[in-house]
$ cat target-v5.cif   # mmCIF, C-alpha atoms
data_protein
#
loop_
_atom_site.label_atom_id
_atom_site.label_comp_id
_atom_site.auth_asym_id
_atom_site.auth_seq_id
_atom_site.Cartn_x
_atom_site.Cartn_y
_atom_site.Cartn_z
CA MET A 1 66.61 90.09 58.87
CA GLY A 2 65.61 87.28 61.23
CA ALA A 3 67.62 84.30 62.37
CA ALA A 4 70.27 83.85 59.73
CA VAL A 5 70.56 80.19 58.81
CA ASN A 6 73.81 79.00 57.40
CA PRO A 7 72.54 76.79 54.51
CA ILE A 8 75.44 74.34 54.68
CA LEU A 9 77.37 73.45 57.80
CA ILE A 10 80.63 71.53 57.76
CA CYS A 11 81.99 70.04 60.98
CA ARG A 12 85.35 71.61 61.87
CA ASP A 13 86.55 68.45 63.57
CA CYS A 14 85.52 65.66 61.18
CA ASP A 15 84.47 67.37 57.92
CA THR A 16 80.93 65.96 57.86
CA VAL A 17 78.47 68.04 55.81
CA TYR A 18 75.02 69.05 57.13
CA ARG A 19 72.10 71.12 55.95
CA GLY A 20 71.53 73.91 58.45
CA ILE A 21 68.18 74.31 60.22
CA PRO A 22 66.90 77.33 62.17
CA LEU A 23 67.93 77.15 65.82
CA ARG A 24 65.80 78.39 68.68
CA ARG A 25 67.05 80.14 71.78
CA GLY A 26 69.46 77.92 73.74
CA ASP A 27 69.81 75.41 70.89
CA VAL A 28 73.18 73.92 70.07
CA ALA A 29 73.70 71.85 66.93
CA LEU A 30 76.11 68.95 67.47
CA CYS A 31 77.85 66.81 64.90
CA ARG A 32 76.28 63.33 64.67
CA ARG A 33 79.62 61.72 64.03
CA CYS A 34 82.02 63.40 66.46
CA ASP A 35 79.79 65.51 68.79
CA ALA A 36 81.63 68.76 67.99
CA VAL A 37 79.56 71.95 68.19
CA LEU A 38 78.39 72.83 64.66
CA ALA A 39 76.42 75.95 65.52
CA ARG A 40 74.78 77.70 68.43
CA HIS A 41 71.69 79.84 68.46
CA PHE A 42 73.03 83.33 67.93
CA GLY A 43 71.51 85.01 70.97
CA ALA A 44 73.47 88.24 70.90
CA ASN A 45 72.54 91.09 68.62
CA ALA A 46 74.64 94.19 68.12
CA GLU A 47 73.09 95.91 71.15
CA THR A 48 73.71 93.19 73.72
CA GLY A 49 77.12 92.54 72.20
CA LEU A 50 78.03 96.22 72.47
CA ALA A 51 76.81 96.34 76.08
CA LEU A 52 78.97 93.34 76.95
CA VAL A 53 82.02 94.83 75.25
CA CYS A 54 81.59 98.12 77.12
CA ALA A 55 81.34 96.18 80.39
CA ALA A 56 84.49 94.26 79.45
CA ALA A 57 86.35 97.52 78.71
CA ILE A 58 85.37 98.96 82.11
CA PHE A 59 86.37 95.80 83.99
CA PHE A 60 89.65 95.66 82.07
CA ALA A 61 90.41 99.26 83.02
CA ILE A 62 89.61 98.65 86.71
CA ALA A 63 91.72 95.47 86.72
CA ASN A 64 94.70 97.40 85.39
CA LEU A 65 94.31 100.60 87.40
CA THR A 66 93.66 99.17 90.86
CA PRO A 67 95.80 96.64 92.75
CA ILE A 68 94.74 93.03 92.42
CA LEU A 69 96.77 92.00 95.45
CA SER A 70 98.63 94.00 98.06
CA ILE A 71 100.79 93.34 101.13
CA ASP A 72 101.26 95.80 103.97
CA ILE A 73 104.01 95.16 106.51
CA ALA A 74 104.66 97.90 109.07
CA GLY A 75 103.69 100.67 106.70
CA ILE A 76 105.65 99.33 103.73
CA GLU A 77 103.17 98.36 101.04
CA THR A 78 103.66 96.38 97.84
CA LYS A 79 101.00 96.04 95.18
CA ALA A 80 100.52 93.80 92.17
CA ASN A 81 98.34 93.74 89.11
CA ILE A 82 98.80 92.32 85.59
CA TRP A 83 101.34 94.93 84.58
CA PHE A 84 103.37 94.65 87.83
CA ALA A 85 103.48 90.87 87.32
CA VAL A 86 104.83 91.35 83.80
CA ARG A 87 107.41 93.87 85.01
CA SER A 88 108.67 91.52 87.73
CA LEU A 89 109.63 88.97 85.05
CA GLN A 90 111.73 91.51 83.14
CA GLN A 91 115.16 90.28 84.13
CA GLY A 92 117.76 89.49 81.50
CA TRP A 93 116.58 86.83 79.11
CA ILE A 94 113.83 85.69 81.51
CA SER A 95 112.06 88.62 79.83
CA VAL A 96 110.77 86.18 77.20
CA ALA A 97 108.40 84.97 79.94
CA ALA A 98 107.44 88.60 80.58
CA LEU A 99 106.64 88.92 76.90
CA GLY A 100 104.55 85.73 76.93
CA LEU A 101 102.65 86.92 80.00
CA ALA A 102 102.13 90.44 78.59
CA ILE A 103 100.73 89.07 75.32
CA THR A 104 98.37 86.51 76.85
CA THR A 105 97.00 88.46 79.81
CA PHE A 106 97.23 92.08 78.62
CA LEU A 107 97.68 92.58 74.90
CA VAL A 108 95.31 89.88 73.56
CA PRO A 109 92.37 90.75 75.87
CA ALA A 110 92.88 94.48 75.18
CA VAL A 111 92.94 94.02 71.40
CA GLN A 112 89.96 91.62 71.53
CA ILE A 113 87.89 94.20 73.41
CA ALA A 114 88.95 97.06 71.10
CA LEU A 115 88.25 95.13 67.89
CA LEU A 116 84.89 93.79 69.07
CA PHE A 117 83.92 97.32 70.09
CA TRP A 118 84.81 98.60 66.62
CA VAL A 119 82.88 95.84 64.84
CA LEU A 120 79.79 96.06 67.04
CA LEU A 121 79.68 99.84 66.98
CA PHE A 122 79.30 99.70 63.20
CA ALA A 123 76.91 96.73 63.36
CA ARG A 124 74.71 98.79 65.71
CA ILE A 125 74.18 101.41 62.99
CA GLY A 126 73.78 98.71 60.35
CA ARG A 127 77.07 99.26 58.57
CA ARG A 128 79.93 96.97 57.79
CA PRO A 129 83.04 98.32 59.56
CA PRO A 130 86.22 99.12 57.62
CA GLY A 131 88.57 96.18 57.78
CA PHE A 132 85.81 93.72 58.77
CA GLY A 133 87.45 90.70 57.08
CA PRO A 134 90.97 91.10 58.53
CA ILE A 135 89.52 92.00 61.95
CA MET A 136 87.40 88.84 62.08
CA LYS A 137 90.39 86.78 60.99
CA LEU A 138 92.54 88.33 63.72
CA LEU A 139 89.86 87.74 66.37
CA HIS A 140 89.67 84.10 65.28
CA ARG A 141 93.45 83.68 65.52
CA MET A 142 93.67 85.35 68.94
CA ARG A 143 90.94 83.32 70.61
CA PRO A 144 93.16 80.51 72.03
CA TRP A 145 95.68 83.01 73.44
CA SER A 146 93.48 84.96 75.83
CA MET A 147 94.36 83.86 79.39
CA THR A 148 92.40 86.16 81.72
CA GLU A 149 90.82 83.22 83.56
CA VAL A 150 94.23 81.64 84.19
CA PHE A 151 95.42 84.95 85.67
CA LEU A 152 92.43 84.93 88.05
CA LEU A 153 93.30 81.43 89.25
CA GLY A 154 96.97 82.44 89.55
CA ALA A 155 96.04 85.40 91.76
CA LEU A 156 93.96 83.13 94.01
CA VAL A 157 96.84 80.66 94.30
CA ALA A 158 99.24 83.52 95.13
CA ILE A 159 96.91 84.63 97.96
CA VAL A 160 96.89 81.16 99.52
CA LYS A 161 100.61 80.76 98.97
CA LEU A 162 101.60 84.03 100.65
CA ALA A 163 98.88 84.20 103.30
CA ASN A 164 100.89 81.84 105.52
CA TRP A 165 103.74 84.35 105.72
CA VAL A 166 102.47 87.86 105.20
CA PRO A 167 99.25 89.87 105.58
CA ILE A 168 97.98 89.82 101.98
CA THR A 169 94.75 91.42 100.83
CA ALA A 170 92.83 91.28 97.56
CA GLY A 171 92.00 94.63 95.99
CA ALA A 172 89.19 95.77 93.71
CA GLY A 173 91.19 94.46 90.78
CA ILE A 174 90.52 90.84 91.60
CA TRP A 175 86.74 91.34 91.36
CA ALA A 176 87.28 93.18 88.08
CA ILE A 177 89.33 90.25 86.74
CA ALA A 178 86.59 87.82 87.80
CA ALA A 179 83.91 89.92 86.08
CA LEU A 180 86.09 90.34 82.99
CA THR A 181 86.54 86.56 82.79
CA ALA A 182 82.77 86.08 82.85
CA VAL A 183 82.06 88.75 80.22
CA LEU A 184 84.80 87.54 77.87
CA ALA A 185 83.45 84.00 78.21
CA LEU A 186 79.98 85.23 77.19
CA LEU A 187 81.42 87.07 74.18
CA GLY A 188 83.56 84.05 73.32
CA ARG A 189 80.47 81.88 72.96
CA CYS A 190 79.43 83.99 70.00
CA ASP A 191 81.67 82.13 67.59
CA PRO A 192 83.18 83.89 64.56
CA ALA A 193 81.00 81.92 62.15
CA SER A 194 77.94 83.51 63.74
CA TRP A 195 79.38 87.01 63.56
CA TRP A 196 79.97 86.42 59.88
CA SER A 197 76.34 85.46 59.38
CA ILE A 198 75.27 89.01 60.31
CA ALA A 199 77.73 90.51 57.81
CA PRO A 200 75.61 90.33 54.62
CA ALA A 201 72.91 92.41 56.30
CA LEU A 202 75.36 95.21 56.86
CA LYS A 203 75.84 97.88 54.24
CA THR A 204 79.39 98.41 53.11
CA MET B 1 68.72 58.73 58.56
CA THR B 2 70.85 59.73 55.65
CA ALA B 3 74.46 58.69 55.43
CA LEU B 4 77.01 61.09 56.81
CA ARG B 5 79.21 62.45 54.07
CA GLN B 6 82.46 64.33 54.15
CA SER B 7 82.94 67.59 52.30
CA PHE B 8 85.23 66.06 49.69
CA GLU B 9 82.50 63.74 48.39
CA LEU B 10 80.23 66.74 47.84
CA GLY B 11 82.80 68.97 46.16
CA LEU B 12 83.03 71.31 49.16
CA SER B 13 85.75 72.63 51.45
CA LEU B 14 85.45 74.37 54.79
CA CYS B 15 86.93 77.78 55.52
CA ARG B 16 88.27 77.18 59.03
CA THR B 17 88.47 80.89 59.77
CA CYS B 18 84.89 81.94 59.11
CA GLY B 19 83.05 78.63 58.79
CA LEU B 20 81.80 79.08 55.23
CA ALA B 21 81.24 76.01 53.04
CA VAL B 22 83.02 76.77 49.77
CA SER B 23 82.52 74.94 46.48
CA ARG B 24 85.84 73.48 45.43
CA ALA B 25 85.18 74.37 41.82
CA SER B 26 85.50 78.05 42.75
CA LEU B 27 88.84 77.37 44.42
CA VAL B 28 90.46 76.38 41.15
CA VAL B 29 90.62 80.04 40.19
CA ASP B 30 91.15 81.55 43.61
CA LEU B 31 92.50 79.66 46.64
CA ARG B 32 90.93 82.13 49.05
CA CYS B 33 87.61 82.13 50.86
CA PRO B 34 85.13 84.35 48.97
CA ARG B 35 83.82 85.71 52.28
CA CYS B 36 86.85 86.34 54.51
CA ARG B 37 89.74 85.97 52.03
CA SER B 38 91.56 83.39 54.19
CA ARG B 39 93.50 80.73 52.35
CA ILE B 40 91.50 77.51 52.15
CA GLU B 41 93.21 74.16 52.49
CA HIS B 42 91.19 70.99 52.30
CA ARG B 43 93.47 69.65 55.06
CA THR B 44 96.01 71.74 57.00
CA PRO B 45 99.26 71.18 55.07
CA PHE B 46 101.96 69.23 56.96
CA SER B 47 99.66 69.10 59.98
CA ALA B 48 101.10 65.89 61.50
CA GLU B 49 104.69 66.97 60.83
CA MET B 50 104.24 70.44 62.36
CA THR B 51 102.40 68.99 65.35
CA LEU B 52 105.23 66.51 65.93
CA ALA B 53 107.92 69.20 65.55
CA TRP B 54 106.27 71.46 68.14
CA LEU B 55 105.65 68.46 70.40
CA ILE B 56 109.34 67.48 70.40
CA ALA B 57 110.31 71.10 71.09
CA GLY B 58 107.87 71.11 74.02
CA ILE B 59 109.27 67.88 75.50
CA VAL B 60 112.85 69.16 75.17
CA LEU B 61 111.98 72.49 76.84
CA TYR B 62 110.12 70.70 79.63
CA ILE B 63 113.43 69.23 80.91
CA PRO B 64 115.18 72.54 81.83
CA ALA B 65 111.81 73.90 82.95
CA ASN B 66 111.81 71.28 85.70
CA LEU B 67 115.53 71.00 86.46
CA LEU B 68 116.24 74.74 86.73
CA PRO B 69 114.90 76.81 89.62
CA VAL B 70 111.84 78.93 88.83
CA MET B 71 112.14 81.29 91.77
CA HIS B 72 114.71 82.56 94.25
CA THR B 73 113.61 83.72 97.67
CA SER B 74 115.73 85.40 100.28
CA GLY B 75 114.90 86.73 103.70
CA LEU B 76 115.24 86.10 107.40
CA LEU B 77 115.08 82.35 106.86
CA GLY B 78 117.96 82.40 104.38
CA ASP B 79 118.30 82.14 100.61
CA GLU B 80 116.56 79.45 98.63
CA ASP B 81 116.06 78.40 95.01
CA SER B 82 112.86 76.52 94.31
CA THR B 83 111.86 74.36 91.37
CA ILE B 84 108.31 73.60 90.21
CA VAL B 85 108.20 70.18 91.85
CA GLY B 86 109.93 71.62 94.95
CA GLY B 87 107.20 74.23 95.24
CA ILE B 88 104.49 71.57 94.99
CA LEU B 89 106.17 69.46 97.72
CA GLU B 90 106.41 72.53 99.96
CA PHE B 91 102.67 73.15 99.70
CA TRP B 92 102.03 69.47 100.34
CA ARG B 93 104.20 69.39 103.47
CA SER B 94 102.71 72.57 104.89
CA GLY B 95 99.23 71.01 104.62
CA ASP B 96 97.90 72.99 101.63
CA TRP B 97 96.93 69.83 99.75
CA GLY B 98 94.36 71.54 97.56
CA ILE B 99 96.88 74.05 96.23
CA ALA B 100 99.55 71.36 95.89
CA LEU B 101 97.13 69.29 93.82
CA LEU B 102 96.09 72.29 91.71
CA ILE B 103 99.67 73.27 90.83
CA PHE B 104 100.55 69.61 90.26
CA THR B 105 97.66 69.36 87.81
CA ALA B 106 98.53 72.54 85.94
CA SER B 107 102.33 72.12 85.87
CA VAL B 108 102.89 68.35 85.73
CA ALA B 109 99.70 66.43 84.89
CA VAL B 110 98.52 68.75 82.10
CA PRO B 111 101.87 68.87 80.22
CA PHE B 112 102.29 65.10 80.49
CA THR B 113 98.71 64.49 79.36
CA LYS B 114 99.38 66.74 76.38
CA PHE B 115 102.64 64.99 75.46
CA ILE B 116 101.02 61.54 75.58
CA ALA B 117 97.72 62.55 73.97
CA ILE B 118 99.27 64.50 71.08
CA GLY B 119 101.84 61.73 70.54
CA LEU B 120 99.02 59.17 70.39
CA LEU B 121 97.01 61.33 67.97
CA ILE B 122 99.95 61.78 65.59
CA PHE B 123 100.86 58.07 65.75
CA THR B 124 97.32 56.85 64.99
CA VAL B 125 96.80 59.45 62.25
CA ARG B 126 100.04 58.49 60.52
CA LYS B 127 98.91 54.85 60.55
CA ASN B 128 95.48 55.83 59.15
CA SER B 129 94.01 54.01 62.12
CA ARG B 130 90.21 53.52 62.42
CA TRP B 131 90.60 52.74 66.13
CA GLU B 132 88.27 54.60 68.54
CA GLN B 133 87.80 57.58 66.23
CA HIS B 134 85.16 59.18 68.43
CA GLN B 135 87.27 58.81 71.58
CA ARG B 136 90.25 60.34 69.81
CA ALA B 137 88.11 63.29 68.65
CA VAL B 138 87.13 63.86 72.29
CA LEU B 139 90.78 63.50 73.35
CA TYR B 140 91.75 66.24 70.92
CA ARG B 141 89.12 68.60 72.32
CA ILE B 142 90.36 67.88 75.87
CA VAL B 143 93.94 68.71 74.82
CA GLU B 144 92.75 71.96 73.26
CA PHE B 145 90.82 72.91 76.39
CA ILE B 146 93.43 72.13 79.07
CA GLY B 147 96.43 73.57 77.23
CA TYR B 148 96.64 77.11 78.50
CA TRP B 149 95.97 76.36 82.18
CA SER B 150 99.65 75.41 82.51
CA MET B 151 100.42 79.14 82.44
CA LEU B 152 99.31 79.11 86.10
CA ASP B 153 102.78 78.69 87.60
CA VAL B 154 104.23 81.49 85.46
CA ILE B 155 101.54 83.83 86.81
CA VAL B 156 102.04 82.72 90.42
CA VAL B 157 105.82 83.28 90.21
CA ALA B 158 105.32 86.68 88.55
CA LEU B 159 102.80 87.84 91.19
CA THR B 160 104.92 86.53 94.07
CA SER B 161 108.01 88.31 92.70
CA ALA B 162 106.03 91.52 92.26
CA LEU B 163 104.71 91.39 95.83
CA MET B 164 107.67 90.08 97.82
CA GLN B 165 109.87 93.16 97.69
CA PHE B 166 110.68 93.76 101.34
CA GLN B 167 114.40 94.33 101.74
CA VAL B 168 114.65 92.99 105.29
CA LEU B 169 111.80 90.52 105.58
CA GLY B 170 112.08 88.89 102.22
CA THR B 171 112.31 89.20 98.47
CA ALA B 172 111.39 86.87 95.63
CA GLU B 173 112.86 86.88 92.13
CA PRO B 174 112.13 84.85 89.01
CA ARG B 175 114.73 82.36 87.79
CA PRO B 176 115.35 80.92 84.25
CA GLY B 177 113.20 77.79 84.81
CA ILE B 178 110.07 79.92 84.56
CA ALA B 179 111.04 81.20 81.09
CA PHE B 180 111.47 77.61 79.90
CA PHE B 181 108.14 76.71 81.44
CA CYS B 182 106.41 79.62 79.69
CA ALA B 183 107.98 78.40 76.44
CA VAL B 184 106.65 74.86 77.09
CA VAL B 185 103.10 76.21 77.41
CA ILE B 186 103.33 78.26 74.21
CA VAL B 187 105.05 75.54 72.18
CA THR B 188 102.62 72.77 73.24
CA MET B 189 99.70 75.08 72.43
CA LEU B 190 101.18 75.62 68.96
CA SER B 191 101.49 71.83 68.67
CA ALA B 192 97.80 71.30 69.50
CA LEU B 193 96.76 74.15 67.16
CA SER B 194 98.81 72.64 64.30
CA PHE B 195 96.90 69.37 64.52
CA ASP B 196 94.05 69.01 62.05
CA PRO B 197 91.45 66.83 63.84
CA ARG B 198 89.83 65.91 60.51
CA LEU B 199 92.78 63.59 59.90
CA ILE B 200 91.32 61.29 62.58
CA TRP B 201 88.37 60.57 60.28
CA ASP B 202 90.12 60.38 56.93
CA ARG B 203 90.41 57.00 55.23
CA PRO B 204 93.50 55.98 53.31
CA ALA B 205 93.18 56.99 49.69
#
$ encode --input "target-v5.cif" --output "structure tokens"
Amino acid sequence: MGAAVNPILICRDCDTVYRGIPLRRGDVALCRRCDAVLARHFGANAETGLALVCAAAIFFAIANLTPILSIDIAGIETKANIWFAVRSLQQGWISVAALGLAITTFLVPAVQIALLFWVLLFARIGRRPPGFGPIMKLLHRMRPWSMTEVFLLGALVAIVKLANWVPITAGAGIWAIAALTAVLALLGRCDPASWWSIAPALKT
Amino acid sequence: MTALRQSFELGLSLCRTCGLAVSRASLVVDLRCPRCRSRIEHRTPFSAEMTLAWLIAGIVLYIPANLLPVMHTSGLLGDEDSTIVGGILEFWRSGDWGIALLIFTASVAVPFTKFIAIGLLIFTVRKNSRWEQHQRAVLYRIVEFIGYWSMLDVIVVALTSALMQFQVLGTAEPRPGIAFFCAVVIVTMLSALSFDPRLIWDRPA
């Protein structure tokens, strides 16, 4: 099946109805009334999508297994990554902030990667994965709550903040976070509506 | 150029989860999307009310988030509690203007922009205003985009507390202000997500 064209498009932001036309590579359809994005050319197929998800999983693992930042003073070393940051907020009822941080920088990205892997693995062999509907719904709901890029900026600010006082160095983790941000952004551009358009081609 | 028409005039409704255009006739029997089984509402129910409720919660939480200290540092230079604004001023005084400006943007400018912008959107929608519809649509998208960057200070405090664990030279610990600030970010995001931007374009019945 070639480029799937959604026959009717409705603008999410102003409810205007359009007849869909085939988009070429790089094309973005904008709403004439409010300029919202109606549809993008769906560049990714199951293969490229799967490759990106695998890359994301590797970067996520590196980011969580190696230190993002570390300080070494006279042989005493402290390290920090996403999980250490979450743990440091676990104090009495301040732990609600730890929970917020754990969900937005660890849990949501991890679940996004796992679910996309599941969906794309099945799409690769031309089958519709079990639980496709609920999974796509969940991915749609989670999209605003993924904050990997904010964590990257936070780590950079922490470097500048502490560099005046202590010898602070960035570890491999910070490059992994940067790469993960880029890969998740690429996957995020493939909006859920487009993923749905490949669904009818998949056997149940 | 044909006239632009809204889904209601054509007997359609949009599934906001999967983007399918659904004939409203089919929704009489089943209120769910035939493709993804999400519940379809022509307009998000109680959108303006929910948005306002979350907005008020966000404004209320923003007060302790700024009055209470977000971090406690102790070391050779003595013990100190710092607030968000205090931290920004410290960067400013020590010459790190870029960082001061960045944290000011994420922790002060962004929340205030959200409070004012969302308030304006609710007010104009409730009045069925036709004023600057396109500009308001853009404003909504800006609010959606900037929202989560306010989490920056929570992350900086968490990383600093994780790293500064040197008994003699210095330690850093989080303080309750940061929990309130985290709550502000989440609650204002819920406010923006509750708002149905299609209300900007609806005409009074």
$ interface_residues --input "target-v5.cif" --of "chain A" --to "chain B" --cutoff "8 Å" --atoms "only C-alpha atoms" --output "count of residues only"
53
$ closest_residue --input "target-v5.cif" --among "B:Ser191, B:Thr124, B:Thr83, B:Ser74" --to "B:Val168" --atoms "only C-alpha atoms"
B:Ser74
$ resolve_selection --input "target-v5.cif" --expression "the PyMOL selection byres ((chain A and resi 40) around 7)" --output "list in words"
Asp27, Val28, Ala29, Ala39, His41 and Phe42 of chain A
$ closest_residue --input "target-v5.cif" --among "A:Arg128, A:Gly92, A:Leu50, A:Ala98" --to "A:Ala114" --atoms "all atoms listed in the file"
A:Leu50
$ residues_around --input "target-v5.cif" --residues "B:Leu101" --least-positions-apart "3" --cutoff "12 Å" --atoms "only C-alpha atoms" --output "mmCIF file with C-alpha atoms, keeping the file's coordinate frame"
data_model
loop_
_atom_site.group_PDB
_atom_site.id
_atom_site.type_symbol
_atom_site.label_atom_id
_atom_site.label_comp_id
_atom_site.auth_asym_id
_atom_site.auth_seq_id
_atom_site.Cartn_x
_atom_site.Cartn_y
_atom_site.Cartn_z
ATOM 1 C CA VAL A 157 96.840 80.660 94.300
ATOM 2 C CA VAL B 85 108.200 70.180 91.850
ATOM 3 C CA GLY B 87 107.200 74.230 95.240
ATOM 4 C CA ILE B 88 104.490 71.570 94.990
ATOM 5 C CA LEU B 89 106.170 69.460 97.720
ATOM 6 C CA GLU B 90 106.410 72.530 99.960
ATOM 7 C CA PHE B 91 102.670 73.150 99.700
ATOM 8 C CA TRP B 92 102.030 69.470 100.340
ATOM 9 C CA ARG B 93 104.200 69.390 103.470
ATOM 10 C CA GLY B 95 99.230 71.010 104.620
ATOM 11 C CA ASP B 96 97.900 72.990 101.630
ATOM 12 C CA TRP B 97 96.930 69.830 99.750
ATOM 13 C CA GLY B 98 94.360 71.540 97.560
ATOM 14 C CA PHE B 104 100.550 69.610 90.260
ATOM 15 C CA THR B 105 97.660 69.360 87.810
ATOM 16 C CA ALA B 106 98.530 72.540 85.940
ATOM 17 C CA SER B 107 102.330 72.120 85.870
ATOM 18 C CA VAL B 108 102.890 68.350 85.730
ATOM 19 C CA ALA B 109 99.700 66.430 84.890
ATOM 20 C CA VAL B 110 98.520 68.750 82.100
#
$ decode --input "target-v5.cif" --residues "stretch 26-50 of chain B" --atoms "N, CA and C atoms" --output "short mmCIF file (atom, residue, chain, number, x, y, z; two decimals), in the first residue's frame"
data_model
loop_
_atom_site.label_atom_id
_atom_site.label_comp_id
_atom_site.auth_asym_id
_atom_site.auth_seq_id
_atom_site.Cartn_x
_atom_site.Cartn_y
_atom_site.Cartn_z
N SER B 26 -23.43 7.93 13.13
CA SER B 26 -23.00 6.66 13.71
C SER B 26 -22.80 6.77 15.22
N LEU B 27 -22.68 8.01 15.71
CA LEU B 27 -22.44 8.19 17.15
C LEU B 27 -23.72 8.12 17.97
N VAL B 28 -24.86 8.11 17.27
CA VAL B 28 -26.12 8.01 18.01
C VAL B 28 -26.20 6.66 18.72
N VAL B 29 -25.70 5.64 18.02
CA VAL B 29 -25.74 4.29 18.58
C VAL B 29 -24.59 4.07 19.56
N ASP B 30 -23.41 4.51 19.14
CA ASP B 30 -22.21 4.23 19.91
C ASP B 30 -21.42 5.53 20.03
N LEU B 31 -21.09 5.95 21.26
CA LEU B 31 -20.40 7.22 21.44
C LEU B 31 -18.89 7.11 21.24
N ARG B 32 -18.44 5.90 20.84
CA ARG B 32 -17.00 5.72 20.72
C ARG B 32 -16.52 5.72 19.27
N CYS B 33 -15.25 6.07 19.12
CA CYS B 33 -14.64 6.11 17.79
C CYS B 33 -14.58 4.70 17.22
N PRO B 34 -15.05 4.50 15.97
CA PRO B 34 -15.03 3.14 15.41
C PRO B 34 -13.62 2.60 15.24
N ARG B 35 -12.63 3.49 15.15
CA ARG B 35 -11.26 3.03 14.92
C ARG B 35 -10.50 2.76 16.22
N CYS B 36 -10.51 3.72 17.17
CA CYS B 36 -9.67 3.53 18.35
C CYS B 36 -10.47 3.37 19.64
N ARG B 37 -11.80 3.42 19.54
CA ARG B 37 -12.68 3.19 20.68
C ARG B 37 -12.58 4.27 21.76
N SER B 38 -12.00 5.44 21.43
CA SER B 38 -12.02 6.54 22.40
C SER B 38 -13.39 7.18 22.38
N ARG B 39 -13.77 7.78 23.49
CA ARG B 39 -15.04 8.47 23.56
C ARG B 39 -14.95 9.75 22.73
N ILE B 40 -15.95 10.00 21.91
CA ILE B 40 -15.93 11.19 21.06
C ILE B 40 -16.88 12.24 21.60
N GLU B 41 -16.34 13.43 21.82
CA GLU B 41 -17.16 14.56 22.26
C GLU B 41 -17.00 15.62 21.19
N HIS B 42 -18.13 16.22 20.78
CA HIS B 42 -18.01 17.24 19.75
C HIS B 42 -17.14 18.40 20.26
N ARG B 43 -17.35 18.78 21.55
CA ARG B 43 -16.46 19.71 22.23
C ARG B 43 -16.12 19.08 23.57
N THR B 44 -14.88 19.28 24.05
CA THR B 44 -14.51 18.73 25.36
C THR B 44 -15.49 19.23 26.41
N PRO B 45 -16.16 18.33 27.15
CA PRO B 45 -17.17 18.80 28.11
C PRO B 45 -16.53 19.58 29.25
N PHE B 46 -17.17 20.66 29.65
CA PHE B 46 -16.72 21.53 30.75
C PHE B 46 -15.28 22.01 30.55
N SER B 47 -14.89 22.20 29.28
CA SER B 47 -13.51 22.60 29.00
C SER B 47 -13.13 23.89 29.72
N ALA B 48 -13.92 24.96 29.54
CA ALA B 48 -13.56 26.25 30.15
C ALA B 48 -13.54 26.16 31.67
N GLU B 49 -14.50 25.41 32.23
CA GLU B 49 -14.58 25.30 33.70
C GLU B 49 -13.36 24.55 34.25
N MET B 50 -13.02 23.41 33.60
CA MET B 50 -11.87 22.63 34.06
C MET B 50 -10.58 23.44 33.92
#
